[in-house]
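Enquirer: Please see the structure below; I have some questions.
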Amino acid sequence: MKQVLTSLVSIAVALLMTGPASAAPKIEGKPVDYKAGKVTMKGYLAYDENVKGRRPGVLVVHEWWGHNEYARARARMLAELGYTALAVDMYGEGKQAMHPDDAMKFSSEVMKNFDVSKARFEAAVKFLKKQPSVDPKQIAAIGYCFGGGIVLNMARQGVDLKGVASFHGSLAAVKPAVRGKVKAKIRVYNGAADTFTTQQAIDAFMDEMMAAKADFQFSNYTGAMHSFTNPDATELGRKFNLPLAYNADADKRSWEELETFLDTIFKK
């Protein structure tokens, strides 16, 4: 009996020292609607119900295919890290492309009218800030391909974000960054074998960021092609004869870098 009591005391002391075990994540993911002007945007909100109180919010901007399950999966991954994530809709009405020709058409329409693009992005930011699980002063954005270009251009124009991260995104500037205007810290995760991104484009981006005195880092993953984070990329590349391919190592490394980046900007 004495041995049993001693063991129970030891367990109680250990629990007092370590505190209660944290509950396993309970991820809530749900479709949400919000407005940008007169257009209804079809987003997806994800958060961990077992995390109490307000927490940082992260927007996820989709690839040129539109708001789809891949963007939603990334939102859930962010929720598992303790953030509230909003997979946004940049095309409106949840429009998706089933063919590269449509994807090019949809993405070009958004990018050529930057005022509309910015208004849609800011509508998503406003919606996310209003969520009861979100600290409105702690907002970041990540984007993939087309979405990477979107978040970089929002940072260039001084949108008030803690940070942005682009995964295999376009580096082209709709309007070049101006010194002192870039508020967000910037991270770019690029595939070194991405034929959509030339060395000239990389050099121009680096020069632009340095001239603007932006806080930025550029990671280049050897052997990684365009869409290296998307497990469906290889199949899509074969189907449409495009230079796309999933790269598990680059996917893992870039996500780990993102985790560290978010920890840093939100000072977790």
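All residue names refer to the structure tokens as shown: chains lettered A, B, ... in order, residues numbered from 1 in each chain, ligands numbered from 1 in order.
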For A:Asp215, list every protein, DNA or RNA residue within 8 Å, evaluated using only C-alpha atoms, and leave out those in the same chain fewer than 3 positions away; present the list as a PyMOL selection string.

Expert: chain A and resi 184-186+209

Enquirer: With a distance cut-off of 10 Å and only C-alpha atoms, select the neighbouring residues of A:Phe261, excluding the residue or stretch itself and same-chain residues fewer than 4 positions from it, and output the selection as a PyMOL selection string.

Expert: chain A and resi 163-165+185-187+255-257+265-267

Enquirer: Which polymer residues have any atom within 9 Å of an atom of stretch 38-42 of chain A, counting only C-alpha atoms, with same-chain residues fewer than 2 positions away left out, as number ranges by chain?

Expert: A: 31-36, 44, 67, 87-95, 120, 124

Enquirer: Pull N, CA and C atoms from the residues just selected and write them as a tab-separated table (two decimals), in the first residue's frame.

Expert:
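Dumped to out.tsv:
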chain	number	residue	atom	x	y	z
A	31	PRO	N	-17.39	26.25	-44.97
A	31	PRO	CA	-17.51	27.24	-46.05
A	31	PRO	C	-18.10	28.53	-45.48
A	32	VAL	N	-17.62	29.66	-45.97
A	32	VAL	CA	-18.12	30.96	-45.53
A	32	VAL	C	-18.29	31.87	-46.76
A	33	ASP	N	-19.22	32.78	-46.67
A	33	ASP	CA	-19.42	33.78	-47.72
A	33	ASP	C	-19.09	35.15	-47.17
A	34	TYR	N	-18.49	35.98	-48.02
A	34	TYR	CA	-18.27	37.37	-47.66
A	34	TYR	C	-18.35	38.18	-48.95
A	35	LYS	N	-18.50	39.47	-48.83
A	35	LYS	CA	-18.72	40.31	-49.99
A	35	LYS	C	-17.49	41.17	-50.33
A	36	ALA	N	-17.26	41.34	-51.61
A	36	ALA	CA	-16.28	42.31	-52.11
A	36	ALA	C	-17.04	43.14	-53.14
A	44	TYR	N	-13.37	29.67	-47.07
A	44	TYR	CA	-13.38	28.50	-46.18
A	44	TYR	C	-12.58	28.86	-44.95
A	67	HIS	N	-10.29	28.71	-55.92
A	67	HIS	CA	-10.48	28.21	-54.55
A	67	HIS	C	-10.94	26.75	-54.61
A	87	ALA	N	-9.17	30.38	-46.27
A	87	ALA	CA	-8.85	30.14	-47.69
A	87	ALA	C	-9.76	31.08	-48.48
A	88	VAL	N	-9.17	32.04	-49.16
A	88	VAL	CA	-9.94	33.09	-49.80
A	88	VAL	C	-10.37	32.71	-51.21
A	89	ASP	N	-11.24	33.52	-51.74
A	89	ASP	CA	-11.72	33.36	-53.12
A	89	ASP	C	-11.39	34.65	-53.86
A	90	MET	N	-10.49	34.59	-54.81
A	90	MET	CA	-10.13	35.79	-55.57
A	90	MET	C	-10.92	35.93	-56.87
A	91	TYR	N	-11.57	34.87	-57.31
A	91	TYR	CA	-12.30	34.91	-58.58
A	91	TYR	C	-13.77	35.29	-58.40
A	92	GLY	N	-14.32	35.06	-57.22
A	92	GLY	CA	-15.71	35.36	-56.96
A	92	GLY	C	-16.63	34.19	-57.25
A	93	GLU	N	-17.63	34.03	-56.40
A	93	GLU	CA	-18.64	32.96	-56.53
A	93	GLU	C	-18.02	31.56	-56.50
A	94	GLY	N	-16.79	31.45	-55.97
A	94	GLY	CA	-16.14	30.15	-55.88
A	94	GLY	C	-15.75	29.56	-57.21
A	95	LYS	N	-15.58	30.41	-58.21
A	95	LYS	CA	-15.29	29.95	-59.57
A	95	LYS	C	-13.97	29.18	-59.63
A	120	ARG	N	-10.70	42.83	-53.31
A	120	ARG	CA	-11.11	41.47	-52.94
A	120	ARG	C	-10.23	40.92	-51.83
A	124	ALA	N	-11.32	40.07	-47.77
A	124	ALA	CA	-11.01	38.83	-47.05
A	124	ALA	C	-10.32	39.14	-45.73

Enquirer: My list of candidates is A:Pro231, A:Gly158, A:Gly180, A:Gly29. Which is closest to A:Tyr47 when distances are computed with only C-alpha atoms?

Expert: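 When distances to A:Tyr47 are compared using only C-alpha atoms, the smallest one comes from A:Gly29.
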
Enquirer: One decimal, Å: what's the distance from atom CA of A:Ala224 over to atom CA of A:Ala193, could you say?

Expert: 5.2 Å

Enquirer: So which residues of stretch 67-195 of chain A fall under helix (DSSP H, G or I) by DSSP, listed as a count of residues only?

Expert: 52

Enquirer: Can you pull out the residues contacting A:Gly82? Cut-off 10 Å, using only C-alpha atoms, and skip same-chain residues under 3 positions away; I want them as a list in words.

Expert: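 Within the cut-off, the hits are Pro25, Ile27, Tyr47, Asp48, Glu49, Asn50, Val51, Lys52, Arg55, Pro56, Gly57, Arg76, Met77, Leu78, Ala79 and Ala85 of chain A.
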
Enquirer: Can those selected residues be exported to a file as a JSON list (two decimals), in the first residue's frame so that it contains N, CA, C and O atoms?

Expert:
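New file again_8.json:
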[["chain", "number", "residue", "atom", "x", "y", "z"],
["A", 25, "PRO", "N", -5.92, 18.53, -31.28],
["A", 25, "PRO", "CA", -6.63, 19.50, -32.12],
["A", 25, "PRO", "C", -8.02, 19.00, -32.53],
["A", 25, "PRO", "O", -8.19, 17.83, -32.86],
["A", 27, "ILE", "N", -10.27, 20.31, -35.28],
["A", 27, "ILE", "CA", -10.32, 21.29, -36.36],
["A", 27, "ILE", "C", -11.74, 21.45, -36.90],
["A", 27, "ILE", "O", -12.38, 20.48, -37.30],
["A", 47, "TYR", "N", -10.22, 26.48, -37.99],
["A", 47, "TYR", "CA", -9.61, 26.81, -36.71],
["A", 47, "TYR", "C", -9.74, 25.61, -35.78],
["A", 47, "TYR", "O", -10.55, 24.70, -36.02],
["A", 48, "ASP", "N", -8.94, 25.62, -34.74],
["A", 48, "ASP", "CA", -8.95, 24.55, -33.75],
["A", 48, "ASP", "C", -9.88, 24.97, -32.60],
["A", 48, "ASP", "O", -9.61, 25.94, -31.89],
["A", 49, "GLU", "N", -10.96, 24.22, -32.42],
["A", 49, "GLU", "CA", -11.93, 24.54, -31.37],
["A", 49, "GLU", "C", -11.34, 24.37, -29.97],
["A", 49, "GLU", "O", -11.88, 24.93, -29.01],
["A", 50, "ASN", "N", -10.26, 23.62, -29.85],
["A", 50, "ASN", "CA", -9.65, 23.41, -28.54],
["A", 50, "ASN", "C", -8.65, 24.49, -28.15],
["A", 50, "ASN", "O", -8.11, 24.46, -27.04],
["A", 51, "VAL", "N", -8.38, 25.42, -29.06],
["A", 51, "VAL", "CA", -7.54, 26.57, -28.72],
["A", 51, "VAL", "C", -8.46, 27.67, -28.21],
["A", 51, "VAL", "O", -9.42, 28.06, -28.87],
["A", 52, "LYS", "N", -8.18, 28.14, -27.02],
["A", 52, "LYS", "CA", -9.04, 29.14, -26.39],
["A", 52, "LYS", "C", -8.58, 30.56, -26.72],
["A", 52, "LYS", "O", -7.39, 30.82, -26.85],
["A", 55, "ARG", "N", -6.44, 34.33, -31.58],
["A", 55, "ARG", "CA", -5.14, 33.89, -32.08],
["A", 55, "ARG", "C", -4.86, 34.57, -33.42],
["A", 55, "ARG", "O", -5.77, 35.13, -34.03],
["A", 56, "PRO", "N", -3.62, 34.51, -33.91],
["A", 56, "PRO", "CA", -3.33, 35.11, -35.22],
["A", 56, "PRO", "C", -4.15, 34.48, -36.34],
["A", 56, "PRO", "O", -4.54, 33.31, -36.28],
["A", 57, "GLY", "N", -4.42, 35.28, -37.36],
["A", 57, "GLY", "CA", -5.16, 34.81, -38.53],
["A", 57, "GLY", "C", -4.26, 34.79, -39.75],
["A", 57, "GLY", "O", -3.41, 35.67, -39.92],
["A", 76, "ARG", "N", -6.55, 24.08, -43.19],
["A", 76, "ARG", "CA", -6.66, 23.16, -42.06],
["A", 76, "ARG", "C", -5.29, 22.88, -41.43],
["A", 76, "ARG", "O", -5.18, 22.73, -40.20],
["A", 77, "MET", "N", -4.26, 22.81, -42.24],
["A", 77, "MET", "CA", -2.92, 22.61, -41.71],
["A", 77, "MET", "C", -2.51, 23.79, -40.82],
["A", 77, "MET", "O", -1.87, 23.61, -39.78],
["A", 78, "LEU", "N", -2.87, 24.98, -41.23],
["A", 78, "LEU", "CA", -2.58, 26.16, -40.41],
["A", 78, "LEU", "C", -3.39, 26.13, -39.12],
["A", 78, "LEU", "O", -2.89, 26.52, -38.05],
["A", 79, "ALA", "N", -4.63, 25.66, -39.20],
["A", 79, "ALA", "CA", -5.46, 25.54, -38.00],
["A", 79, "ALA", "C", -4.82, 24.56, -37.01],
["A", 79, "ALA", "O", -4.87, 24.77, -35.79],
["A", 85, "ALA", "N", -7.42, 30.19, -40.05],
["A", 85, "ALA", "CA", -7.05, 30.39, -41.45],
["A", 85, "ALA", "C", -8.27, 30.57, -42.33],
["A", 85, "ALA", "O", -9.28, 29.88, -42.15]]

Enquirer: Can you list, as an MDAnalysis selection string, every protein, DNA or RNA residue that comes within 9 Å of stretch 167-175 of chain A when you count only C-alpha atoms, leaving out same-chain residues fewer than 4 positions away?

Expert: chainID A and resid 63 111:112 114 142:150 152:153 156:157 187:191 194 196:197 201:202 204:205 225:229 254

Enquirer: Include N, CA and C atoms and write out the residues we just selected as an mmCIF file, in the first residue's frame.

Expert:
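Full text of out_39.cif as output:
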data_model
loop_
_atom_site.group_PDB
_atom_site.id
_atom_site.type_symbol
_atom_site.label_atom_id
_atom_site.label_comp_id
_atom_site.auth_asym_id
_atom_site.auth_seq_id
_atom_site.Cartn_x
_atom_site.Cartn_y
_atom_site.Cartn_z
ATOM 1 N N GLU A 63 -4.144 28.761 -55.893
ATOM 2 C CA GLU A 63 -3.442 28.699 -57.173
ATOM 3 C C GLU A 63 -4.357 29.226 -58.282
ATOM 4 N N MET A 111 -5.560 39.961 -62.228
ATOM 5 C CA MET A 111 -4.293 40.680 -62.137
ATOM 6 C C MET A 111 -4.257 41.969 -62.964
ATOM 7 N N LYS A 112 -4.998 42.003 -64.069
ATOM 8 C CA LYS A 112 -4.932 43.194 -64.912
ATOM 9 C C LYS A 112 -5.730 44.355 -64.321
ATOM 10 N N PHE A 114 -5.852 45.681 -60.897
ATOM 11 C CA PHE A 114 -5.295 45.533 -59.560
ATOM 12 C C PHE A 114 -6.185 46.143 -58.482
ATOM 13 N N ILE A 142 -0.495 33.804 -46.950
ATOM 14 C CA ILE A 142 0.355 32.952 -47.775
ATOM 15 C C ILE A 142 -0.379 32.694 -49.090
ATOM 16 N N GLY A 143 0.393 32.384 -50.131
ATOM 17 C CA GLY A 143 -0.236 32.136 -51.420
ATOM 18 C C GLY A 143 0.561 31.161 -52.255
ATOM 19 N N TYR A 144 -0.139 30.482 -53.149
ATOM 20 C CA TYR A 144 0.456 29.454 -53.998
ATOM 21 C C TYR A 144 0.284 29.838 -55.465
ATOM 22 N N CYS A 145 1.392 29.786 -56.223
ATOM 23 C CA CYS A 145 1.373 30.116 -57.658
ATOM 24 C C CYS A 145 0.748 31.501 -57.862
ATOM 25 N N PHE A 146 -0.407 31.566 -58.505
ATOM 26 C CA PHE A 146 -1.144 32.827 -58.653
ATOM 27 C C PHE A 146 -1.286 33.523 -57.304
ATOM 28 N N GLY A 147 -1.635 32.750 -56.278
ATOM 29 C CA GLY A 147 -1.810 33.322 -54.943
ATOM 30 C C GLY A 147 -0.533 33.881 -54.364
ATOM 31 N N GLY A 148 0.603 33.264 -54.711
ATOM 32 C CA GLY A 148 1.880 33.799 -54.268
ATOM 33 C C GLY A 148 2.130 35.177 -54.846
ATOM 34 N N GLY A 149 1.791 35.330 -56.127
ATOM 35 C CA GLY A 149 1.917 36.637 -56.763
ATOM 36 C C GLY A 149 0.995 37.660 -56.123
ATOM 37 N N ILE A 150 -0.201 37.214 -55.741
ATOM 38 C CA ILE A 150 -1.157 38.118 -55.092
ATOM 39 C C ILE A 150 -0.590 38.647 -53.773
ATOM 40 N N LEU A 152 2.463 38.788 -52.663
ATOM 41 C CA LEU A 152 3.641 39.628 -52.848
ATOM 42 C C LEU A 152 3.246 41.025 -53.308
ATOM 43 N N ASN A 153 2.269 41.102 -54.200
ATOM 44 C CA ASN A 153 1.839 42.416 -54.675
ATOM 45 C C ASN A 153 1.078 43.191 -53.605
ATOM 46 N N ARG A 156 3.801 44.647 -51.500
ATOM 47 C CA ARG A 156 4.425 45.762 -52.207
ATOM 48 C C ARG A 156 3.640 47.063 -52.023
ATOM 49 N N GLN A 157 2.317 46.933 -51.985
ATOM 50 C CA GLN A 157 1.463 48.116 -51.907
ATOM 51 C C GLN A 157 1.145 48.540 -50.473
ATOM 52 N N ARG A 187 8.616 36.365 -47.327
ATOM 53 C CA ARG A 187 9.357 35.137 -47.563
ATOM 54 C C ARG A 187 8.908 34.537 -48.889
ATOM 55 N N VAL A 188 9.875 34.099 -49.694
ATOM 56 C CA VAL A 188 9.581 33.480 -50.983
ATOM 57 C C VAL A 188 10.191 32.085 -51.010
ATOM 58 N N TYR A 189 9.360 31.092 -51.308
ATOM 59 C CA TYR A 189 9.800 29.707 -51.414
ATOM 60 C C TYR A 189 9.648 29.292 -52.873
ATOM 61 N N ASN A 190 10.785 29.167 -53.543
ATOM 62 C CA ASN A 190 10.805 28.992 -55.000
ATOM 63 C C ASN A 190 11.487 27.686 -55.399
ATOM 64 N N GLY A 191 11.000 27.080 -56.454
ATOM 65 C CA GLY A 191 11.646 25.896 -57.006
ATOM 66 C C GLY A 191 12.743 26.297 -57.976
ATOM 67 N N ASP A 194 11.957 25.621 -61.553
ATOM 68 C CA ASP A 194 10.676 26.173 -62.018
ATOM 69 C C ASP A 194 10.913 26.985 -63.293
ATOM 70 N N PHE A 196 8.817 28.544 -65.012
ATOM 71 C CA PHE A 196 7.967 29.735 -65.091
ATOM 72 C C PHE A 196 8.649 30.952 -64.456
ATOM 73 N N THR A 197 9.696 30.700 -63.672
ATOM 74 C CA THR A 197 10.419 31.782 -62.995
ATOM 75 C C THR A 197 11.849 31.824 -63.504
ATOM 76 N N ALA A 201 13.944 37.230 -63.618
ATOM 77 C CA ALA A 201 12.846 37.629 -62.732
ATOM 78 C C ALA A 201 13.286 37.601 -61.268
ATOM 79 N N ILE A 202 14.092 36.597 -60.917
ATOM 80 C CA ILE A 202 14.602 36.503 -59.542
ATOM 81 C C ILE A 202 15.502 37.691 -59.226
ATOM 82 N N ALA A 204 15.553 40.616 -60.644
ATOM 83 C CA ALA A 204 14.760 41.846 -60.600
ATOM 84 C C ALA A 204 14.011 41.961 -59.272
ATOM 85 N N PHE A 205 13.480 40.830 -58.806
ATOM 86 C CA PHE A 205 12.766 40.834 -57.525
ATOM 87 C C PHE A 205 13.709 41.188 -56.379
ATOM 88 N N MET A 225 10.274 21.810 -59.164
ATOM 89 C CA MET A 225 9.615 22.446 -60.295
ATOM 90 C C MET A 225 8.413 23.259 -59.816
ATOM 91 N N HIS A 226 7.710 23.865 -60.759
ATOM 92 C CA HIS A 226 6.538 24.658 -60.415
ATOM 93 C C HIS A 226 5.484 23.786 -59.736
ATOM 94 N N SER A 227 4.776 24.383 -58.762
ATOM 95 C CA SER A 227 3.732 23.695 -57.983
ATOM 96 C C SER A 227 4.290 22.568 -57.125
ATOM 97 N N PHE A 228 5.530 22.716 -56.661
ATOM 98 C CA PHE A 228 6.190 21.634 -55.936
ATOM 99 C C PHE A 228 5.498 21.266 -54.617
ATOM 100 N N THR A 229 4.603 22.110 -54.098
ATOM 101 C CA THR A 229 3.932 21.793 -52.834
ATOM 102 C C THR A 229 2.631 21.009 -53.023
ATOM 103 N N SER A 254 9.815 23.761 -47.156
ATOM 104 C CA SER A 254 9.191 25.085 -47.241
ATOM 105 C C SER A 254 8.133 25.269 -46.155
#

Enquirer: Restricting the calculation to only C-alpha atoms, which member of A:Ala212, A:Val151, A:Leu161, A:Ala24 is positioned closest to A:Arg179?

Expert: A:Ala212

Enquirer: For a quick check of understanding, using only C-alpha atoms, which of A:Ser219, A:Gln200, A:Thr84, A:Asn230 has the smallest distance to A:Trp65?

Expert: A:Asn230

Enquirer: Any idea what the distance is between atom CA of A:Leu86 and atom CA of A:Phe127?

Expert: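 According to the coordinates, atom CA of A:Leu86 and atom CA of A:Phe127 are separated by 8.9 Å.
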
Enquirer: What residues in stretch 98-201 of chain A get the DSSP label strand (DSSP E or B)? Please answer as an NGL selection string.

Expert: :A and (134-144 or 163-167 or 185-191)

Enquirer: Report, in Å with one decimal, the straight-line distance from atom CA of A:Lys130 to atom CA of A:Ala46.

Expert: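 Between these atoms lies a distance of 14.0 Å.
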
Enquirer: Give the answer as one residue: which of A:His99, A:Arg54, A:Lys30, A:Lys183 has the shortest atom-to-atom distance to A:Ala214, using only C-alpha atoms?

Expert: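 Closest residue, counting only C-alpha atoms: A:Lys183.
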
Enquirer: Have a look at A:Ala140, A:Pro100, A:Met154, A:Gln199 and name the one nearest to A:Ala119; count only C-alpha atoms.

Expert: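 Checking each candidate against A:Ala119, we get A:Met154 as the closest.
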